[in-house]
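Engineer: Let me give you the structure first, and then I'll get to my questions.
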Amino acid sequence: MTREEAHKKILWGAATAAYQVEGAAFCDGKGKNSWDEYYELNDLGYDGTVAVDHYHRVEEDLKLFHEIGLQGYRFSVSWSRILPEGTGKINPKGLEFYDYIVDSLNAYGIEPYLTLYHWDLPLPLLKKGGWLNPEVIENFLEYCRILFEHFKSRVRLWATINEPASEVMEGYIQGTHPPQEKNYAHAIQVSHHYNVASASAIRLFREMKMEGKIGIVLNPMPVDILEETEENKQAKEIAYEYFSDWYIRSALIGEYPQRMLEFCKKTYSAPEIREEELALMKENIGDYLGVNYYMRRVVKAEKLDSPDIEEKFSYVRVPGGNYTKWGWEIYPYGIANLLKQIYNEYGKKEIIISENGIGFDDCMDENGYFADDERIAYLKQHTDIIEELCTQGIDITGYYVWSAIDLLSWTNGYQKRYGLVGVDFDTMNRSIKKSGEWYRKFIRQE
Ligand code: BGP
C-alpha cells in the first residue's frame, strides 16, 4: 500500500467524552454520576457542572467539526442522561440529545463513533458497589440494549468501554479517580468485570444483528528500559503485562497473561473468574482494537519481590527526552513499537487509533486565536508514523485526535488543553485553532 492509499484508507476524525464536554450536569433529567460526586467530594477548583457547555452549544460545535472537515467524530454517551438511576426508567430528553448529535453527524457526512462507557457511572450504581459488584454488568447490558435498539443503522461504529486500565489504576490503586480506593484485590476484580462487560456487550451487539463494528478501547503503553540489566528486563516485562498486556490479551484472545494472573491470584486472591466468563470472553472478541496512544513508559527495576506491583518498578525520565509540562513524554515511535509488538504476539487485527493528542496550556491571543504550533508538530509526527505503519501492513482504519474541542481534563482541570477547536472559558466562545486549520488541509491533502 502506498502512502496515498494509506491516507485514503484511514478515517480521520477527532474525539471527546460526554463528561468532559457536555456540562448540563443537572439539566433535563440527567441523574448524578460518579464524577459529579467526585468533584463534590474533592475541592479541586474546577468540576464538570458546565464543562464547555457542549450540551447547549452542540449545534455550533458540530458545525465547527464539519468546517474542520472531520470524517469521523468519536463521542461518548452519558449513561446517567439516558438512565438517571442507572437502570429502569429512560429519560427521553437524554436520547433526544444524542439523536441530535447522530443525525447531524450523518447529515454532515461525519461517521459517528459512539463510546458506550467513558468512565461516568450513574451514582446509584456506584453506591451499590460500582464495577466491583458483578451486577453492574447486567445494568450495563440493559443500557447497551437501549442504545443499540435506538441507534441501530444510524451508528455503525461502537466502542464498549474506554480505557479500563486507567479506571482500574486510577480508581482502585492510586485513588485519584472515583471511587478513590487503594486496593489491589478490588482493582484486579474490577478489571475482570470490565472485560466481561465488554465481551457481553459485543455478544449482545451480534445477537441483535447490529450493522457495523464494535470493539473495546484500550490505552496500552509500550515499555522501554534505558539499561539492559537482568532486573530491568524483568521490570519491563512486569510493567508491560500490568499496563498493557493484561487488557490486550483479554481483548484479543480472551485470556489473561499467565504469570501476572498467577501473581495476582497468589498475592491478592483476585480475580475470581468463572469458567463461563472466560468462555464468553474468548467467544466475543471485538471487530477491531481501539488504541489510545499518548506516551510510552520508561521504567527501571525497584523491589521486584514486592507484593505491590507498582513498587516493582519506577519511572525514569529519559535524559534529553521531550516532555510536556505535565510530564508526558512526546515519543511518536512508541505507537509503532506498540503496534508491532501486538502484531508479533497476536497477529493481524484491525486497529483504530481512537485517541492521540497533546495536552498543553496553549493561549488565546488578543484576537481570540490559538496559534498552537506545538500541537501541529505533534500531530504531524504522529500521523506520519500512522500512515507509514499502514504502508507496512498494519491494518489501521481510523485515527481520532484527542480532542475535537478544548475540554475538562479529569484531574488537571481546564488549563491542560487538547482541542482542535479552542474555547474561551470566560465567554464560551469557540474558534478553530491553527491545528484545526492544519488538520483540515492534512485530511484533504492540500
Ligand atoms: C485518556 C482519556 C481521555 C482524556 C485523555 C487525556 O486517557 O480517555 O478521557 O482525558 O486521556 O488525559 P488527561 O486529561 O488526563 O490529560
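Letters A, B, ... mark the chains of the C-alpha cells in the order given; residue numbers begin at 1 per chain; ligand numbers begin at 1, in order shown.
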Show me which residues are within 6 Å of ligand 1 counting only C-alpha atoms and all ligand atoms, and format the list as a PyMOL selection string.

Structural biologist: chain A and resi 359+409-410

Engineer: Considering only C-alpha atoms, return as an MDAnalysis selection string whatever protein or nucleic-acid residues lie within 12 Å of Lys380 of chain A, sequence-local ones (same chain, fewer than 2 positions apart) excluded.

Structural biologist: chainID A and resid 332 356:358 373:378 382:387 401 435 438:439 441:443

Engineer: Which residues come within 12 Å of Gln415 of chain A, counting only C-alpha atoms, excluding same-chain residues fewer than 6 positions away, as a ChimeraX atom specification?

Structural biologist: /A:45-46,325-326,359-364,406-409,422-425

Engineer: Keeping only N, CA and C atoms, write the selected residues as an mmCIF file, in the first residue's frame.

Structural biologist:
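Written out: part_13.cif:
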data_model
loop_
_atom_site.group_PDB
_atom_site.id
_atom_site.type_symbol
_atom_site.label_atom_id
_atom_site.label_comp_id
_atom_site.auth_asym_id
_atom_site.auth_seq_id
_atom_site.Cartn_x
_atom_site.Cartn_y
_atom_site.Cartn_z
ATOM 1 N N GLY A 45 -11.157 22.997 42.606
ATOM 2 C CA GLY A 45 -11.231 24.323 41.980
ATOM 3 C C GLY A 45 -11.849 24.271 40.591
ATOM 4 N N TYR A 46 -12.289 23.137 40.170
ATOM 5 C CA TYR A 46 -12.997 23.008 38.884
ATOM 6 C C TYR A 46 -13.880 21.771 38.981
ATOM 7 N N LYS A 325 4.570 19.901 29.836
ATOM 8 C CA LYS A 325 4.574 20.482 31.166
ATOM 9 C C LYS A 325 3.986 19.511 32.200
ATOM 10 N N TRP A 326 3.149 18.605 31.732
ATOM 11 C CA TRP A 326 2.523 17.629 32.644
ATOM 12 C C TRP A 326 3.341 16.331 32.723
ATOM 13 N N GLY A 359 -1.662 17.532 25.373
ATOM 14 C CA GLY A 359 -2.253 18.498 26.287
ATOM 15 C C GLY A 359 -1.213 19.529 26.675
ATOM 16 N N PHE A 360 -1.490 20.776 26.405
ATOM 17 C CA PHE A 360 -0.623 21.833 26.925
ATOM 18 C C PHE A 360 -1.425 23.118 27.097
ATOM 19 N N ASP A 361 -0.810 24.092 27.769
ATOM 20 C CA ASP A 361 -1.562 25.288 28.124
ATOM 21 C C ASP A 361 -1.444 26.336 27.021
ATOM 22 N N ASP A 362 -1.924 25.974 25.835
ATOM 23 C CA ASP A 362 -1.864 26.938 24.729
ATOM 24 C C ASP A 362 -2.783 28.115 25.032
ATOM 25 N N CYS A 363 -2.345 29.278 24.606
ATOM 26 C CA CYS A 363 -3.060 30.502 24.985
ATOM 27 C C CYS A 363 -3.717 31.153 23.781
ATOM 28 N N MET A 364 -4.791 31.835 24.106
ATOM 29 C CA MET A 364 -5.529 32.575 23.096
ATOM 30 C C MET A 364 -4.897 33.961 22.963
ATOM 31 N N ASP A 406 -11.516 21.941 23.090
ATOM 32 C CA ASP A 406 -10.985 22.031 24.458
ATOM 33 C C ASP A 406 -12.028 21.488 25.429
ATOM 34 N N LEU A 407 -11.548 20.857 26.482
ATOM 35 C CA LEU A 407 -12.497 20.204 27.387
ATOM 36 C C LEU A 407 -11.879 20.042 28.770
ATOM 37 N N LEU A 408 -12.651 19.436 29.651
ATOM 38 C CA LEU A 408 -12.213 19.192 31.021
ATOM 39 C C LEU A 408 -11.240 18.006 31.053
ATOM 40 N N SER A 409 -10.026 18.260 31.545
ATOM 41 C CA SER A 409 -9.113 17.145 31.775
ATOM 42 C C SER A 409 -9.386 16.675 33.200
ATOM 43 N N GLY A 422 -10.719 25.813 19.928
ATOM 44 C CA GLY A 422 -10.400 26.437 21.209
ATOM 45 C C GLY A 422 -11.643 27.019 21.855
ATOM 46 N N VAL A 423 -11.626 27.050 23.182
ATOM 47 C CA VAL A 423 -12.754 27.636 23.908
ATOM 48 C C VAL A 423 -12.223 28.731 24.831
ATOM 49 N N ASP A 424 -12.864 29.885 24.764
ATOM 50 C CA ASP A 424 -12.590 30.949 25.726
ATOM 51 C C ASP A 424 -13.489 30.643 26.925
ATOM 52 N N PHE A 425 -12.884 30.247 28.045
ATOM 53 C CA PHE A 425 -13.704 29.761 29.155
ATOM 54 C C PHE A 425 -14.510 30.872 29.833
#

Engineer: Kindly indicate which residue among A:Gly413, A:Pro257, A:Pro122, A:Gly86 lies nearest to Val21 of chain A, using only C-alpha atoms for the distances.

Structural biologist: A:Gly413

Engineer: Can you work out which one of A:Gly398, A:Ile161, A:Thr411, A:Leu338 has the shortest atom-to-atom distance to Asp47 of chain A, counting only C-alpha atoms?

Structural biologist: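 Smallest distance to Asp47 of chain A is found for A:Thr411.
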
Engineer: So that I can see what lies close to Met221 of chain A, please list as a ChimeraX atom specification the residues with an atom at most 10 Å from it, counting only C-alpha atoms and leaving out residues fewer than 4 positions away in the same chain.

Structural biologist: /A:239-245,291-298,334-335,337-339

Engineer: Would you mind telling me which residue in A:Glu446, A:Glu142, A:Glu237, A:Arg203 lies nearest to Phe313 of chain A when using only C-alpha atoms?

Structural biologist: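 That would be A:Glu237, the residue with the smallest distance to Phe313 of chain A.
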
Engineer: Would you list the contacts of Phe148 of chain A as a PDB file with N, CA and C atoms, in the first residue's frame, taking every protein, DNA or RNA residue within 10 Å and counting only C-alpha atoms, but skipping same-chain residues closer than 5 positions in sequence?

Structural biologist:
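Okay, selection.pdb is ready:
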ATOM      1  N   LEU A 116     -19.821   3.647  24.473  1.00  0.00           N
ATOM      2  CA  LEU A 116     -20.913   3.396  25.422  1.00  0.00           C
ATOM      3  C   LEU A 116     -20.554   3.844  26.839  1.00  0.00           C
ATOM      4  N   TYR A 143     -28.455  -0.950  29.563  1.00  0.00           N
ATOM      5  CA  TYR A 143     -28.155   0.358  28.954  1.00  0.00           C
ATOM      6  C   TYR A 143     -27.697   0.189  27.498  1.00  0.00           C
ATOM      7  N   SER A 153     -28.484   1.058  12.871  1.00  0.00           N
ATOM      8  CA  SER A 153     -28.318   1.534  11.481  1.00  0.00           C
ATOM      9  C   SER A 153     -27.981   3.040  11.355  1.00  0.00           C
ATOM     10  N   ARG A 154     -28.142   3.807  12.438  1.00  0.00           N
ATOM     11  CA  ARG A 154     -27.712   5.219  12.363  1.00  0.00           C
ATOM     12  C   ARG A 154     -26.277   5.372  12.844  1.00  0.00           C
ATOM     13  N   VAL A 155     -25.860   4.459  13.748  1.00  0.00           N
ATOM     14  CA  VAL A 155     -24.461   4.450  14.219  1.00  0.00           C
ATOM     15  C   VAL A 155     -23.879   3.105  13.821  1.00  0.00           C
ATOM     16  N   TRP A 158     -18.902   1.413  17.070  1.00  0.00           N
ATOM     17  CA  TRP A 158     -19.194   1.430  18.505  1.00  0.00           C
ATOM     18  C   TRP A 158     -17.961   1.041  19.310  1.00  0.00           C
ATOM     19  N   ALA A 201     -21.292  -7.078  25.976  1.00  0.00           N
ATOM     20  CA  ALA A 201     -21.872  -6.077  25.069  1.00  0.00           C
ATOM     21  C   ALA A 201     -21.623  -6.480  23.615  1.00  0.00           C
ATOM     22  N   LEU A 204     -24.080  -9.159  22.749  1.00  0.00           N
ATOM     23  CA  LEU A 204     -25.415  -8.587  22.546  1.00  0.00           C
ATOM     24  C   LEU A 204     -25.510  -7.893  21.177  1.00  0.00           C
ATOM     25  N   PHE A 205     -24.468  -7.166  20.830  1.00  0.00           N
ATOM     26  CA  PHE A 205     -24.400  -6.460  19.547  1.00  0.00           C
ATOM     27  C   PHE A 205     -24.619  -7.453  18.397  1.00  0.00           C
ATOM     28  N   MET A 208     -28.142  -9.034  18.408  1.00  0.00           N
ATOM     29  CA  MET A 208     -29.139  -8.091  17.894  1.00  0.00           C
ATOM     30  C   MET A 208     -28.916  -7.755  16.423  1.00  0.00           C
ATOM     31  N   LYS A 209     -27.946  -8.453  15.833  1.00  0.00           N
ATOM     32  CA  LYS A 209     -27.644  -8.282  14.407  1.00  0.00           C
ATOM     33  C   LYS A 209     -27.447  -6.810  14.033  1.00  0.00           C
ATOM     34  N   MET A 210     -26.647  -6.152  14.860  1.00  0.00           N
ATOM     35  CA  MET A 210     -26.344  -4.750  14.594  1.00  0.00           C
ATOM     36  C   MET A 210     -25.432  -4.656  13.379  1.00  0.00           C
ATOM     37  N   GLU A 211     -25.623  -3.583  12.608  1.00  0.00           N
ATOM     38  CA  GLU A 211     -24.709  -3.364  11.475  1.00  0.00           C
ATOM     39  C   GLU A 211     -23.479  -2.652  12.003  1.00  0.00           C
TER      40      GLU A 211
END

Engineer: In terms of the shortest atom-to-atom distance over only C-alpha atoms, which of A:Tyr117, A:Tyr100, A:Tyr55, A:Tyr268 is closest to Val77 of chain A?

Structural biologist: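 Closest to Val77 of chain A of all the choices is A:Tyr117.
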
Engineer: With only C-alpha atoms as the basis for distance, which of A:Lys349, A:Trp328, A:Ile110, A:Gln234 is at the shortest distance from Arg259 of chain A?

Structural biologist: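 Going through A:Lys349, A:Trp328, A:Ile110, A:Gln234 one by one, the smallest distance to Arg259 of chain A is for A:Gln234.
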
Engineer: Mind giving me the straight-line distance from atom CA of Pro112 of chain A to atom CA of Leu11 of chain A in Å, one decimal?

Structural biologist: 11.3 Å

Engineer: Would you mind telling me which residue in A:Tyr172, A:Trp246, A:Tyr400, A:Tyr38 lies nearest to Phe75 of chain A when using only C-alpha atoms?

Structural biologist: A:Tyr400

Engineer: I'd like to know which residues of segment 269-438 of chain A are strand (DSSP E or B) (by DSSP, run on the backbone); could you write them as a ChimeraX atom specification?

Structural biologist: /A:289-292,297-301,313-315,323,329,351-356,360,364,370,396-402,405,409,413,417,421-423,430-432

Engineer: Go ahead and dump the residues you just picked, N, CA and C atoms, as a tab-separated table (two decimals), in the first residue's frame.

Structural biologist:
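File part_2.tsv, as written:
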chain	number	residue	atom	x	y	z
A	289	LEU	N	-9.50	-3.38	17.45
A	289	LEU	CA	-8.96	-2.97	18.75
A	289	LEU	C	-8.77	-1.45	18.73
A	290	GLY	N	-9.40	-0.78	19.68
A	290	GLY	CA	-9.21	0.68	19.80
A	290	GLY	C	-7.98	0.94	20.65
A	291	VAL	N	-7.09	1.78	20.13
A	291	VAL	CA	-5.85	2.09	20.87
A	291	VAL	C	-5.76	3.60	21.07
A	292	ASN	N	-5.76	4.00	22.34
A	292	ASN	CA	-5.48	5.41	22.67
A	292	ASN	C	-4.00	5.50	22.95
A	297	ARG	N	6.14	4.17	28.40
A	297	ARG	CA	6.64	4.19	29.77
A	297	ARG	C	8.09	3.73	29.75
A	298	VAL	N	8.93	4.45	30.44
A	298	VAL	CA	10.32	4.02	30.58
A	298	VAL	C	10.50	3.69	32.06
A	299	VAL	N	10.95	2.48	32.36
A	299	VAL	CA	11.00	2.04	33.76
A	299	VAL	C	12.38	1.50	34.12
A	300	LYS	N	12.60	1.37	35.42
A	300	LYS	CA	13.76	0.62	35.91
A	300	LYS	C	13.30	-0.22	37.09
A	301	ALA	N	14.08	-1.27	37.37
A	301	ALA	CA	13.69	-2.21	38.43
A	301	ALA	C	13.80	-1.56	39.80
A	313	PHE	N	8.72	-1.47	40.04
A	313	PHE	CA	9.47	-0.66	39.08
A	313	PHE	C	9.21	0.81	39.36
A	314	SER	N	10.06	1.66	38.83
A	314	SER	CA	9.77	3.09	38.92
A	314	SER	C	9.97	3.70	37.54
A	315	TYR	N	9.46	4.91	37.39
A	315	TYR	CA	9.55	5.57	36.09
A	315	TYR	C	10.84	6.35	35.98
A	323	TYR	N	9.41	16.38	26.90
A	323	TYR	CA	8.26	16.20	27.80
A	323	TYR	C	7.32	17.40	27.77
A	329	GLU	N	5.88	12.18	28.09
A	329	GLU	CA	6.94	12.20	27.08
A	329	GLU	C	6.33	12.19	25.67
A	351	ILE	N	-7.02	-2.08	13.63
A	351	ILE	CA	-6.70	-1.15	14.71
A	351	ILE	C	-7.34	0.20	14.40
A	352	ILE	N	-7.96	0.78	15.42
A	352	ILE	CA	-8.40	2.18	15.31
A	352	ILE	C	-7.62	2.97	16.36
A	353	ILE	N	-6.95	4.01	15.93
A	353	ILE	CA	-6.28	4.88	16.91
A	353	ILE	C	-7.38	5.82	17.40
A	354	SER	N	-7.94	5.45	18.54
A	354	SER	CA	-9.17	6.10	18.99
A	354	SER	C	-8.91	7.40	19.76
A	355	GLU	N	-7.66	7.62	20.17
A	355	GLU	CA	-7.26	8.91	20.75
A	355	GLU	C	-5.76	9.07	20.55
A	356	ASN	N	-5.38	10.31	20.20
A	356	ASN	CA	-3.96	10.68	20.18
A	356	ASN	C	-3.93	12.20	20.15
A	360	PHE	N	-1.49	20.78	26.41
A	360	PHE	CA	-0.62	21.83	26.92
A	360	PHE	C	-1.43	23.12	27.10
A	364	MET	N	-4.79	31.84	24.11
A	364	MET	CA	-5.53	32.57	23.10
A	364	MET	C	-4.90	33.96	22.96
A	370	PHE	N	-5.86	30.81	18.58
A	370	PHE	CA	-4.88	29.91	19.19
A	370	PHE	C	-3.88	29.48	18.11
A	396	ILE	N	-4.61	-0.16	10.02
A	396	ILE	CA	-5.19	0.96	10.77
A	396	ILE	C	-6.29	1.59	9.92
A	397	THR	N	-7.50	1.67	10.49
A	397	THR	CA	-8.61	2.18	9.69
A	397	THR	C	-9.15	3.52	10.19
A	398	GLY	N	-8.69	3.96	11.36
A	398	GLY	CA	-9.19	5.24	11.86
A	398	GLY	C	-8.18	5.90	12.77
A	399	TYR	N	-8.23	7.22	12.82
A	399	TYR	CA	-7.33	7.99	13.68
A	399	TYR	C	-8.14	9.17	14.23
A	400	TYR	N	-8.18	9.31	15.54
A	400	TYR	CA	-9.01	10.34	16.18
A	400	TYR	C	-8.15	11.23	17.06
A	401	VAL	N	-8.07	12.49	16.69
A	401	VAL	CA	-7.32	13.44	17.51
A	401	VAL	C	-8.07	13.63	18.83
A	402	TRP	N	-7.32	13.53	19.93
A	402	TRP	CA	-7.87	13.96	21.22
A	402	TRP	C	-7.35	15.36	21.43
A	405	ILE	N	-12.42	19.41	20.67
A	405	ILE	CA	-12.61	20.76	21.23
A	405	ILE	C	-11.97	20.78	22.62
A	409	SER	N	-10.03	18.26	31.54
A	409	SER	CA	-9.11	17.14	31.77
A	409	SER	C	-9.39	16.67	33.20
A	413	GLY	N	-8.03	19.80	35.24
A	413	GLY	CA	-8.87	20.98	35.03
A	413	GLY	C	-8.89	21.44	33.59
A	417	ARG	N	-5.07	22.00	27.76
A	417	ARG	CA	-5.97	22.00	26.60
A	417	ARG	C	-5.53	20.95	25.59
A	421	VAL	N	-10.52	22.75	18.32
A	421	VAL	CA	-11.33	23.96	18.47
A	421	VAL	C	-11.02	24.52	19.86
A	422	GLY	N	-10.72	25.81	19.93
A	422	GLY	CA	-10.40	26.44	21.21
A	422	GLY	C	-11.64	27.02	21.85
A	423	VAL	N	-11.63	27.05	23.18
A	423	VAL	CA	-12.75	27.64	23.91
A	423	VAL	C	-12.22	28.73	24.83
A	430	ARG	N	-16.12	29.93	20.81
A	430	ARG	CA	-15.31	28.90	20.17
A	430	ARG	C	-14.57	29.48	18.97
A	431	SER	N	-13.40	28.91	18.66
A	431	SER	CA	-12.74	29.25	17.40
A	431	SER	C	-11.85	28.10	16.99
A	432	ILE	N	-11.76	27.91	15.69
A	432	ILE	CA	-10.90	26.83	15.20
A	432	ILE	C	-9.45	27.26	15.39

Engineer: Could you please write out, as a ChimeraX atom specification, every residue of segment 210-442 of chain A that DSSP assigns to alpha helix (DSSP H)?

Structural biologist: /A:230-240,246-253,258-268,275-283,333-346,373-391,434-442

Engineer: For the atom pair atom CA of His192 of chain A and atom CA of Gly130 of chain A, what is the interatomic distance in Å to one decimal place?

Structural biologist: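 Taking atom CA of His192 of chain A and atom CA of Gly130 of chain A, their separation equals 13.2 Å.
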
Engineer: What is the atom CA of Ala187 of chain A-atom CA of Val168 of chain A distance in Å, reported with one decimal?

Structural biologist: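 These two atoms are separated by 5.3 Å.
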